$ cat target_15.json   # JSON, C-alpha atoms and all ligand atoms
[["chain", "number", "residue", "atom", "x", "y", "z"],
["H", 5, "MET", "CA", 16.05, -3.05, -25.47],
["H", 6, "GLY", "CA", 17.24, -1.47, -22.26],
["H", 7, "LEU", "CA", 18.05, -2.83, -18.84],
["H", 8, "LYS", "CA", 15.32, -3.61, -16.30],
["H", 9, "ILE", "CA", 16.44, -2.30, -12.93],
["H", 10, "ASP", "CA", 14.54, -1.99, -9.65],
["H", 11, "PHE", "CA", 16.10, 1.14, -8.12],
["H", 12, "HIS", "CA", 14.61, 0.82, -4.62],
["H", 13, "VAL", "CA", 15.21, -2.41, -2.64],
["H", 14, "HIS", "CA", 15.67, -2.76, 1.14],
["H", 15, "THR", "CA", 17.59, -5.74, 2.54],
["H", 16, "CYS", "CA", 17.83, -7.04, 6.11],
["H", 17, "TYR", "CA", 20.44, -4.30, 6.66],
["H", 18, "SER", "CA", 17.37, -2.03, 6.93],
["H", 19, "CYS", "CA", 15.70, -2.49, 10.34],
["H", 20, "ASP", "CA", 12.27, -2.98, 8.71],
["H", 21, "SER", "CA", 13.10, -5.45, 5.89],
["H", 22, "SER", "CA", 13.32, -9.25, 5.93],
["H", 23, "ILE", "CA", 15.08, -9.63, 2.55],
["H", 24, "THR", "CA", 18.39, -11.51, 2.66],
["H", 25, "LEU", "CA", 21.12, -10.75, 0.12],
["H", 26, "LYS", "CA", 20.57, -14.21, -1.36],
["H", 27, "ASP", "CA", 16.84, -13.43, -1.77],
["H", 28, "VAL", "CA", 17.68, -10.23, -3.65],
["H", 29, "VAL", "CA", 19.55, -12.18, -6.33],
["H", 30, "GLY", "CA", 17.05, -15.06, -6.48],
["H", 31, "PHE", "CA", 13.92, -12.89, -6.76],
["H", 32, "ALA", "CA", 15.52, -10.36, -9.11],
["H", 33, "LYS", "CA", 16.36, -13.22, -11.51],
["H", 34, "LYS", "CA", 12.91, -14.73, -11.11],
["H", 35, "ARG", "CA", 11.34, -11.36, -12.07],
["H", 36, "GLY", "CA", 13.57, -11.03, -15.13],
["H", 37, "LEU", "CA", 15.40, -7.99, -13.80],
["H", 38, "ASP", "CA", 18.90, -7.17, -15.04],
["H", 39, "GLY", "CA", 19.77, -5.49, -11.77],
["H", 40, "VAL", "CA", 18.75, -3.80, -8.56],
["H", 41, "ALA", "CA", 19.84, -0.81, -6.51],
["H", 42, "ILE", "CA", 20.26, -1.67, -2.83],
["H", 43, "THR", "CA", 18.90, 1.32, -0.93],
["H", 44, "ASP", "CA", 18.86, 0.50, 2.77],
["H", 45, "HIS", "CA", 17.81, 3.05, 5.38],
["H", 46, "ASN", "CA", 20.89, 5.10, 6.32],
["H", 47, "THR", "CA", 23.47, 2.38, 5.57],
["H", 48, "VAL", "CA", 25.47, 1.06, 2.62],
["H", 49, "LYS", "CA", 26.56, -2.13, 4.42],
["H", 50, "GLY", "CA", 24.22, -4.49, 2.54],
["H", 51, "ALA", "CA", 24.95, -2.78, -0.77],
["H", 52, "LEU", "CA", 28.69, -3.31, -0.27],
["H", 53, "LYS", "CA", 28.32, -6.86, 0.95],
["H", 54, "LEU", "CA", 26.28, -8.15, -1.99],
["H", 55, "LYS", "CA", 28.75, -9.62, -4.49],
["H", 56, "THR", "CA", 27.25, -11.53, -7.41],
["H", 57, "ARG", "CA", 27.78, -12.10, -11.12],
["H", 58, "ASP", "CA", 24.15, -13.08, -11.64],
["H", 59, "ILE", "CA", 22.67, -9.57, -11.60],
["H", 60, "LEU", "CA", 23.97, -6.03, -11.70],
["H", 61, "VAL", "CA", 24.13, -4.44, -8.25],
["H", 62, "VAL", "CA", 23.95, -0.65, -8.03],
["H", 63, "PRO", "CA", 25.07, 0.47, -4.56],
["H", 64, "GLY", "CA", 22.83, 3.01, -2.89],
["H", 65, "ILE", "CA", 21.24, 4.33, 0.28],
["H", 66, "GLU", "CA", 17.93, 5.83, 1.42],
["H", 67, "VAL", "CA", 18.83, 8.71, 3.73],
["H", 68, "SER", "CA", 16.40, 10.04, 6.36],
["H", 69, "THR", "CA", 17.00, 13.77, 5.97],
["H", 70, "LEU", "CA", 15.35, 16.52, 8.04],
["H", 71, "ASP", "CA", 13.04, 17.07, 5.05],
["H", 72, "GLY", "CA", 12.08, 13.47, 4.24],
["H", 73, "HIS", "CA", 13.64, 10.43, 2.58],
["H", 74, "LEU", "CA", 16.19, 10.75, -0.21],
["H", 75, "LEU", "CA", 17.74, 8.06, -2.41],
["H", 76, "GLY", "CA", 21.46, 8.19, -3.15],
["H", 77, "ILE", "CA", 22.18, 6.02, -6.19],
["H", 78, "ASN", "CA", 25.77, 4.89, -6.89],
["H", 79, "VAL", "CA", 26.86, 5.71, -3.37],
["H", 80, "THR", "CA", 29.35, 3.50, -1.50],
["H", 81, "THR", "CA", 30.15, 5.73, 1.47],
["H", 82, "PRO", "CA", 27.62, 6.30, 4.25],
["H", 83, "ILE", "CA", 25.76, 9.62, 4.09],
["H", 84, "PRO", "CA", 24.73, 10.90, 7.54],
["H", 85, "ALA", "CA", 21.02, 11.07, 8.40],
["H", 86, "LYS", "CA", 19.24, 14.11, 9.84],
["H", 87, "LEU", "CA", 20.89, 16.76, 7.68],
["H", 88, "GLY", "CA", 18.95, 19.26, 5.58],
["H", 89, "ILE", "CA", 17.95, 17.95, 2.17],
["H", 90, "GLU", "CA", 20.11, 20.38, 0.13],
["H", 91, "GLU", "CA", 23.14, 19.43, 2.25],
["H", 92, "THR", "CA", 22.34, 15.73, 1.75],
["H", 93, "ILE", "CA", 22.08, 16.18, -2.03],
["H", 94, "HIS", "CA", 25.49, 17.88, -1.91],
["H", 95, "ARG", "CA", 26.98, 14.99, 0.12],
["H", 96, "ILE", "CA", 25.54, 12.44, -2.34],
["H", 97, "HIS", "CA", 27.13, 14.32, -5.26],
["H", 98, "GLU", "CA", 30.44, 14.51, -3.40],
["H", 99, "ALA", "CA", 30.26, 10.74, -2.91],
["H", 100, "GLY", "CA", 29.90, 10.34, -6.71],
["H", 101, "GLY", "CA", 26.20, 9.53, -6.69],
["H", 102, "ILE", "CA", 22.93, 11.03, -7.86],
["H", 103, "ALA", "CA", 20.04, 12.15, -5.67],
["H", 104, "VAL", "CA", 16.63, 10.70, -6.51],
["H", 105, "ALA", "CA", 13.47, 11.88, -4.72],
["H", 106, "PRO", "CA", 11.54, 8.73, -3.67],
["H", 107, "HIS", "CA", 7.74, 8.56, -3.27],
["H", 108, "PRO", "CA", 7.36, 12.38, -3.47],
["H", 109, "THR", "CA", 3.56, 12.30, -3.26],
["H", 110, "ALA", "CA", 3.09, 9.52, -0.63],
["H", 111, "PHE", "CA", 2.36, 11.83, 2.30],
["H", 112, "TYR", "CA", 2.54, 8.99, 4.89],
["H", 113, "LYS", "CA", 5.99, 7.71, 3.74],
["H", 114, "SER", "CA", 8.11, 10.71, 4.79],
["H", 115, "PRO", "CA", 8.34, 12.16, 1.26],
["H", 116, "PRO", "CA", 11.20, 14.50, 0.38],
["H", 117, "SER", "CA", 10.45, 18.22, 0.23],
["H", 118, "ARG", "CA", 8.69, 19.25, -2.98],
["H", 119, "ARG", "CA", 10.06, 22.77, -2.68],
["H", 120, "VAL", "CA", 13.55, 21.52, -3.58],
["H", 121, "ARG", "CA", 14.39, 21.58, -7.29],
["H", 122, "SER", "CA", 17.94, 20.23, -7.30],
["H", 123, "TYR", "CA", 17.15, 16.51, -7.46],
["H", 124, "ASP", "CA", 18.77, 14.55, -10.30],
["H", 125, "ALA", "CA", 15.64, 12.46, -10.87],
["H", 126, "ILE", "CA", 12.22, 11.72, -9.39],
["H", 127, "GLU", "CA", 10.97, 8.23, -8.44],
["H", 128, "VAL", "CA", 7.55, 8.53, -10.05],
["H", 129, "MET", "CA", 6.62, 4.86, -9.57],
["H", 130, "ASN", "CA", 6.93, 3.38, -6.08],
["H", 131, "ALA", "CA", 5.22, -0.02, -5.97],
["H", 132, "SER", "CA", 4.60, 0.06, -2.22],
["H", 133, "SER", "CA", 2.70, 3.39, -2.32],
["H", 134, "ILE", "CA", -1.09, 3.36, -1.96],
["H", 135, "PRO", "CA", -3.14, 4.34, -3.94],
["H", 136, "PHE", "CA", -0.56, 3.41, -6.57],
["H", 137, "SER", "CA", -2.13, 4.83, -9.75],
["H", 138, "VAL", "CA", -3.10, 8.18, -8.25],
["H", 139, "LEU", "CA", 0.29, 8.72, -6.61],
["H", 140, "THR", "CA", 2.12, 7.66, -9.80],
["H", 141, "TYR", "CA", 0.07, 10.16, -11.79],
["H", 142, "LEU", "CA", 0.78, 12.99, -9.30],
["H", 143, "SER", "CA", 4.49, 12.10, -9.08],
["H", 144, "LYS", "CA", 4.79, 12.10, -12.88],
["H", 145, "ARG", "CA", 3.24, 15.56, -13.00],
["H", 146, "PHE", "CA", 5.70, 16.73, -10.34],
["H", 147, "ALA", "CA", 8.68, 15.35, -12.35],
["H", 148, "GLU", "CA", 7.37, 16.82, -15.60],
["H", 149, "GLY", "CA", 6.87, 20.21, -13.92],
["H", 150, "LEU", "CA", 10.54, 20.22, -12.92],
["H", 151, "GLY", "CA", 11.65, 18.70, -16.24],
["H", 152, "LEU", "CA", 13.50, 15.92, -14.40],
["H", 153, "PRO", "CA", 14.18, 12.27, -15.36],
["H", 154, "GLN", "CA", 11.77, 9.65, -14.01],
["H", 155, "THR", "CA", 12.57, 6.34, -12.28],
["H", 156, "GLY", "CA", 10.57, 3.47, -10.80],
["H", 157, "GLY", "CA", 11.28, 1.03, -7.99],
["H", 158, "SER", "CA", 9.49, -1.41, -5.73],
["H", 159, "ASP", "CA", 10.53, -0.10, -2.26],
["H", 160, "SER", "CA", 10.57, -3.81, -1.36],
["H", 161, "HIS", "CA", 10.81, -4.90, 2.25],
["H", 162, "TYR", "CA", 9.66, -8.50, 1.55],
["H", 163, "ALA", "CA", 11.36, -10.56, -1.17],
["H", 164, "PRO", "CA", 8.32, -11.34, -3.41],
["H", 165, "GLU", "CA", 7.81, -7.55, -3.79],
["H", 166, "ILE", "CA", 11.10, -7.13, -5.71],
["H", 167, "GLY", "CA", 10.56, -5.96, -9.28],
["H", 168, "SER", "CA", 6.87, -4.99, -8.86],
["H", 169, "ALA", "CA", 7.96, -1.65, -10.32],
["H", 170, "TYR", "CA", 11.26, -0.99, -12.05],
["H", 171, "THR", "CA", 12.96, 1.26, -14.57],
["H", 172, "VAL", "CA", 13.93, 0.46, -18.14],
["H", 173, "VAL", "CA", 17.26, 2.22, -18.68],
["H", 174, "GLU", "CA", 18.86, 2.64, -22.11],
["H", 175, "SER", "CA", 22.39, 1.82, -21.05],
["H", 176, "ASP", "CA", 25.20, -0.69, -21.12],
["H", 177, "PRO", "CA", 25.34, -2.91, -18.03],
["H", 178, "ASP", "CA", 27.79, -0.72, -16.15],
["H", 179, "VAL", "CA", 26.97, 1.31, -13.04],
["H", 180, "ASP", "CA", 28.58, 4.59, -14.23],
["H", 181, "GLU", "CA", 26.86, 4.30, -17.62],
["H", 182, "ILE", "CA", 23.54, 3.64, -15.90],
["H", 183, "VAL", "CA", 23.91, 6.77, -13.76],
["H", 184, "CYS", "CA", 24.72, 8.81, -16.90],
["H", 185, "ALA", "CA", 21.64, 7.38, -18.62],
["H", 186, "ILE", "CA", 19.40, 8.36, -15.68],
["H", 187, "LYS", "CA", 20.80, 11.92, -15.73],
["H", 188, "LYS", "CA", 20.06, 12.13, -19.46],
["H", 189, "GLY", "CA", 16.52, 10.92, -18.84],
["H", 190, "ALA", "CA", 16.99, 7.71, -20.85],
["H", 191, "THR", "CA", 14.59, 5.96, -18.48],
["H", 192, "VAL", "CA", 11.03, 4.61, -18.55],
["H", 193, "PRO", "CA", 9.35, 3.65, -15.26],
["H", 194, "ARG", "CA", 7.30, 0.44, -15.50],
["H", 195, "GLY", "CA", 5.30, -1.92, -13.35],
["H", 196, "ASN", "CA", 2.44, -2.04, -10.88],
["H", 197, "GLY", "CA", 1.62, -1.59, -7.24],
["H", 198, "ILE", "CA", 2.45, -4.51, -4.94],
["H", 199, "PRO", "CA", -0.52, -6.95, -5.08],
["H", 200, "TRP", "CA", -2.76, -7.07, -2.00],
["H", 201, "LYS", "CA", -2.05, -10.79, -1.55],
["H", 202, "THR", "CA", 1.68, -10.09, -1.24],
["H", 203, "ARG", "CA", 1.05, -7.19, 1.17],
["H", 204, "LEU", "CA", -1.11, -9.45, 3.32],
["H", 205, "GLU", "CA", 1.53, -12.23, 3.35],
["H", 206, "ARG", "CA", 4.15, -9.73, 4.42],
["H", 207, "THR", "CA", 1.98, -8.43, 7.26],
["H", 208, "VAL", "CA", 1.16, -11.94, 8.52],
["H", 209, "LEU", "CA", 4.84, -12.96, 8.45],
["H", 210, "SER", "CA", 5.97, -9.85, 10.30],
["H", 211, "LEU", "CA", 3.28, -10.37, 12.96],
["H", 212, "LYS", "CA", 4.39, -14.01, 13.37],
["H", 213, "ARG", "CA", 7.98, -12.84, 13.88],
["H", 214, "LYS", "CA", 6.83, -10.52, 16.68],
["H", 215, "ILE", "CA", 4.86, -13.22, 18.54],
["K", 301, "ZN", "ZN", 11.21, 5.94, 1.86],
["K", 302, "ZN", "ZN", 12.43, 2.79, 0.87]]
$ encode --input "target_15.json" --output "structure tokens"
Amino acid sequence: MGLKIDFHVHTCYSCDSSITLKDVVGFAKKRGLDGVAITDHNTVKGALKLKTRDILVVPGIEVSTLDGHLLGINVTTPIPAKLGIEETIHRIHEAGGIAVAPHPTAFYKSPPSRRVRSYDAIEVMNASSIPFSVLTYLSKRFAEGLGLPQTGGSDSHYAPEIGSAYTVVESDPDVDEIVCAIKKGATVPRGNGIPWKTRLERTVLSLKRKI
């Protein structure tokens, strides 16, 4: 059967997201997810704060390295930003996590370097990337070329976006087991791009907040 997990969710602990910790749980359940990875920009505060028995929470971080964004999955200690990508991968491993390259083909989203080969997995489906199908296709080819496991996530910054894309992981509901399953490649990315209606709602709401 497998677990449905969205491995890329930003909460209000990211400067550019409006998603409260309560929203994460509510929307994840509504979408039928078994769990989410909280991957805020350069902080693990939200990931550590979210305590719930309703869904599985995988702690994580999205680090702004000198060579683009990098996801640290199963990380509970902060990883400093603005280091080289190889050094950041090393720090993520030291912290007990795995390094996943997010949105590697979305040129406008600060993608991680494609010259690096030491990632543990590649996020081939990123629901907030446009054009979704083309970038998913190119990211899959990139992952296949390196022979690396594939994941999917929504990159949500607005609650209704949670679970647009996700990963089916063949694993027991335990964070360490899930990480092992990703490393083994027991993953299938699933889902779609965020619908235009939802993108529009998010834009209108963020403009309203600024006025
Ligand atoms: Zn990113
Ligand atoms: Zn992100």
$ closest_residue --input "target_15.json" --among "H:Gly6, H:Ile23, H:His94, H:Leu74" --to "ligand ZN 302 (chain K)" --atoms "only C-alpha atoms and all ligand atoms"
H:Leu74
$ atom_distance --input "target_15.json" --atom1 "atom CA of Val13 of chain H" --atom2 "atom CA of Thr140 of chain H"
18.0 Å
$ atom_distance --input "target_15.json" --atom1 "atom CA of Trp200 of chain H" --atom2 "atom CA of Ser158 of chain H"
14.0 Å
$ residues_near_point --input "target_15.json" --point "(14.6, -1.9, 6.0)" --cutoff "12 Å" --atoms "only C-alpha atoms" --output "list of chain:residue names"
H:His12, H:Val13, H:His14, H:Thr15, H:Cys16, H:Tyr17, H:Ser18, H:Cys19, H:Asp20, H:Ser21, H:Ser22, H:Ile23, H:Thr24, H:Ile42, H:Thr43, H:Asp44, H:His45, H:Asn46, H:Thr47, H:Val48, H:Gly50, H:Ile65, H:Glu66, H:Val67, H:Asp159, H:Ser160, H:His161, H:Tyr162, H:Ala163
$ residues_near_ligand --input "target_15.json" --ligand "ligand ZN 301 (chain K)" --cutoff "7 Å" --atoms "all atoms listed in the file" --output "number ranges by chain"
H: 66, 73, 106-107, 113-115
$ residues_around --input "target_15.json" --residues "Val138 of chain H" --least-positions-apart "2" --cutoff "12 Å" --atoms "only C-alpha atoms" --output "PyMOL selection string"
chain H and resi 107+109-110+128-131+133-136+140-145+196-197
$ atom_distance --input "target_15.json" --atom1 "atom CA of Asp124 of chain H" --atom2 "atom CA of Gly195 of chain H"
21.5 Å
$ closest_residue --input "target_15.json" --among "H:Phe111, H:Tyr123, H:Phe11, H:Tyr170" --to "ligand ZN 302 (chain K)" --atoms "all atoms listed in the file"
H:Phe11
$ closest_residue --input "target_15.json" --among "H:Ile166, H:Val120, H:Leu209, H:Ala185" --to "ligand ZN 302 (chain K)" --atoms "only C-alpha atoms and all ligand atoms"
H:Ile166
$ closest_residue --input "target_15.json" --among "H:Ala99, H:Val173, H:Ala125, H:Leu52" --to "Ala190 of chain H" --atoms "all atoms listed in the file"
H:Val173
$ closest_residue --input "target_15.json" --among "H:Ser68, H:Thr155, H:Thr207, H:Ser117" --to "ligand ZN 302 (chain K)" --atoms "all atoms listed in the file"
H:Ser68
$ closest_residue --input "target_15.json" --among "H:Lys33, H:Lys55, H:Arg95, H:Arg213" --to "Thr69 of chain H" --atoms "only C-alpha atoms"
H:Arg95
$ axis_aligned_box --input "target_15.json" --around "segment 173-176 of chain H" --padding-each-side "4 Å" --output "JSON"
{"center_x": 21.2, "center_y": 1.0, "center_z": -20.4, "size_x": 15.9, "size_y": 11.3, "size_z": 11.4}
$ residues_around --input "target_15.json" --residues "Glu181 of chain H" --least-positions-apart "6" --cutoff "12 Å" --atoms "all atoms listed in the file" --output "PyMOL selection string"
chain H and resi 7+62+78+173-175+187-188+190
$ residues_near_point --input "target_15.json" --point "(12.3, 20.0, -2.4)" --cutoff "9 Å" --atoms "only C-alpha atoms" --output "list in words"
Asp71, Ile89, Glu90, Ala105, Pro116, Ser117, Arg118, Arg119, Val120, Arg121, Ser122 and Tyr123 of chain H
$ decode --input "target_15.json" --residues "segment 198-209 of chain H" --atoms "all heavy atoms" --output "JSON list (two decimals), in the first residue's frame"
[["chain", "number", "residue", "atom", "x", "y", "z"],
["H", 198, "ILE", "N", 0.05, 22.55, -8.85],
["H", 198, "ILE", "CA", -0.97, 23.29, -8.09],
["H", 198, "ILE", "C", -1.94, 23.92, -9.09],
["H", 198, "ILE", "O", -1.51, 24.57, -10.05],
["H", 198, "ILE", "CB", -0.30, 24.38, -7.22],
["H", 198, "ILE", "CG1", 0.57, 23.70, -6.14],
["H", 198, "ILE", "CG2", -1.33, 25.30, -6.59],
["H", 198, "ILE", "CD1", 1.53, 24.64, -5.44],
["H", 199, "PRO", "N", -3.27, 23.73, -8.89],
["H", 199, "PRO", "CA", -4.23, 24.30, -9.85],
["H", 199, "PRO", "C", -4.14, 25.83, -9.91],
["H", 199, "PRO", "O", -3.82, 26.47, -8.91],
["H", 199, "PRO", "CB", -5.59, 23.87, -9.28],
["H", 199, "PRO", "CG", -5.31, 22.80, -8.29],
["H", 199, "PRO", "CD", -3.91, 23.00, -7.81],
["H", 200, "TRP", "N", -4.44, 26.38, -11.09],
["H", 200, "TRP", "CA", -4.36, 27.83, -11.28],
["H", 200, "TRP", "C", -5.26, 28.59, -10.32],
["H", 200, "TRP", "O", -4.91, 29.67, -9.84],
["H", 200, "TRP", "CB", -4.70, 28.19, -12.73],
["H", 200, "TRP", "CG", -3.58, 27.85, -13.64],
["H", 200, "TRP", "CD1", -3.51, 26.78, -14.50],
["H", 200, "TRP", "CD2", -2.31, 28.50, -13.74],
["H", 200, "TRP", "NE1", -2.29, 26.74, -15.12],
["H", 200, "TRP", "CE2", -1.53, 27.80, -14.68],
["H", 200, "TRP", "CE3", -1.76, 29.63, -13.12],
["H", 200, "TRP", "CZ2", -0.23, 28.16, -15.02],
["H", 200, "TRP", "CZ3", -0.46, 30.01, -13.45],
["H", 200, "TRP", "CH2", 0.28, 29.28, -14.39],
["H", 201, "LYS", "N", -6.43, 28.01, -10.01],
["H", 201, "LYS", "CA", -7.38, 28.68, -9.11],
["H", 201, "LYS", "C", -6.72, 28.88, -7.73],
["H", 201, "LYS", "O", -6.82, 29.95, -7.12],
["H", 201, "LYS", "CB", -8.63, 27.80, -8.99],
["H", 201, "LYS", "CG", -9.78, 28.43, -8.28],
["H", 201, "LYS", "CD", -11.02, 27.54, -8.36],
["H", 201, "LYS", "CE", -12.06, 27.94, -7.35],
["H", 201, "LYS", "NZ", -11.78, 27.48, -6.00],
["H", 202, "THR", "N", -6.04, 27.84, -7.26],
["H", 202, "THR", "CA", -5.38, 27.91, -5.95],
["H", 202, "THR", "C", -4.24, 28.92, -5.98],
["H", 202, "THR", "O", -4.05, 29.70, -5.05],
["H", 202, "THR", "CB", -4.85, 26.51, -5.57],
["H", 202, "THR", "OG1", -5.88, 25.57, -5.77],
["H", 202, "THR", "CG2", -4.38, 26.46, -4.13],
["H", 203, "ARG", "N", -3.48, 28.94, -7.10],
["H", 203, "ARG", "CA", -2.38, 29.90, -7.23],
["H", 203, "ARG", "C", -2.91, 31.34, -7.18],
["H", 203, "ARG", "O", -2.32, 32.21, -6.55],
["H", 203, "ARG", "CB", -1.65, 29.72, -8.57],
["H", 203, "ARG", "CG", -0.84, 28.46, -8.66],
["H", 203, "ARG", "CD", -0.18, 28.39, -10.04],
["H", 203, "ARG", "NE", 0.39, 27.09, -10.29],
["H", 203, "ARG", "CZ", 1.61, 26.72, -9.92],
["H", 203, "ARG", "NH1", 2.39, 27.56, -9.29],
["H", 203, "ARG", "NH2", 2.04, 25.51, -10.18],
["H", 204, "LEU", "N", -4.04, 31.53, -7.85],
["H", 204, "LEU", "CA", -4.64, 32.86, -7.91],
["H", 204, "LEU", "C", -5.12, 33.30, -6.52],
["H", 204, "LEU", "O", -4.86, 34.42, -6.09],
["H", 204, "LEU", "CB", -5.81, 32.83, -8.90],
["H", 204, "LEU", "CG", -6.33, 34.18, -9.34],
["H", 204, "LEU", "CD1", -5.29, 34.88, -10.21],
["H", 204, "LEU", "CD2", -7.63, 34.03, -10.16],
["H", 205, "GLU", "N", -5.79, 32.38, -5.81],
["H", 205, "GLU", "CA", -6.25, 32.67, -4.44],
["H", 205, "GLU", "C", -5.08, 33.08, -3.56],
["H", 205, "GLU", "O", -5.16, 34.03, -2.81],
["H", 205, "GLU", "CB", -6.86, 31.40, -3.82],
["H", 205, "GLU", "CG", -8.30, 31.13, -4.19],
["H", 205, "GLU", "CD", -8.71, 29.72, -3.75],
["H", 205, "GLU", "OE1", -7.99, 29.08, -2.97],
["H", 205, "GLU", "OE2", -9.75, 29.28, -4.24],
["H", 206, "ARG", "N", -3.99, 32.32, -3.69],
["H", 206, "ARG", "CA", -2.82, 32.61, -2.86],
["H", 206, "ARG", "C", -2.29, 34.01, -3.15],
["H", 206, "ARG", "O", -1.98, 34.79, -2.25],
["H", 206, "ARG", "CB", -1.72, 31.58, -3.13],
["H", 206, "ARG", "CG", -0.53, 31.73, -2.18],
["H", 206, "ARG", "CD", 0.81, 31.72, -2.87],
["H", 206, "ARG", "NE", 1.19, 30.42, -3.39],
["H", 206, "ARG", "CZ", 2.45, 30.13, -3.70],
["H", 206, "ARG", "NH1", 3.40, 31.00, -3.50],
["H", 206, "ARG", "NH2", 2.73, 28.98, -4.25],
["H", 207, "THR", "N", -2.22, 34.36, -4.44],
["H", 207, "THR", "CA", -1.70, 35.67, -4.83],
["H", 207, "THR", "C", -2.59, 36.78, -4.30],
["H", 207, "THR", "O", -2.11, 37.77, -3.74],
["H", 207, "THR", "CB", -1.61, 35.76, -6.37],
["H", 207, "THR", "OG1", -0.96, 34.58, -6.84],
["H", 207, "THR", "CG2", -0.86, 36.97, -6.83],
["H", 208, "VAL", "N", -3.91, 36.61, -4.44],
["H", 208, "VAL", "CA", -4.85, 37.64, -3.98],
["H", 208, "VAL", "C", -4.72, 37.83, -2.46],
["H", 208, "VAL", "O", -4.62, 38.95, -1.96],
["H", 208, "VAL", "CB", -6.32, 37.26, -4.36],
["H", 208, "VAL", "CG1", -7.30, 38.17, -3.69],
["H", 208, "VAL", "CG2", -6.49, 37.27, -5.87],
["H", 209, "LEU", "N", -4.65, 36.70, -1.73],
["H", 209, "LEU", "CA", -4.52, 36.80, -0.27],
["H", 209, "LEU", "C", -3.23, 37.47, 0.16],
["H", 209, "LEU", "O", -3.22, 38.28, 1.08],
["H", 209, "LEU", "CB", -4.59, 35.39, 0.35],
["H", 209, "LEU", "CG", -6.00, 34.79, 0.43],
["H", 209, "LEU", "CD1", -5.92, 33.35, 0.90],
["H", 209, "LEU", "CD2", -6.87, 35.59, 1.39]]
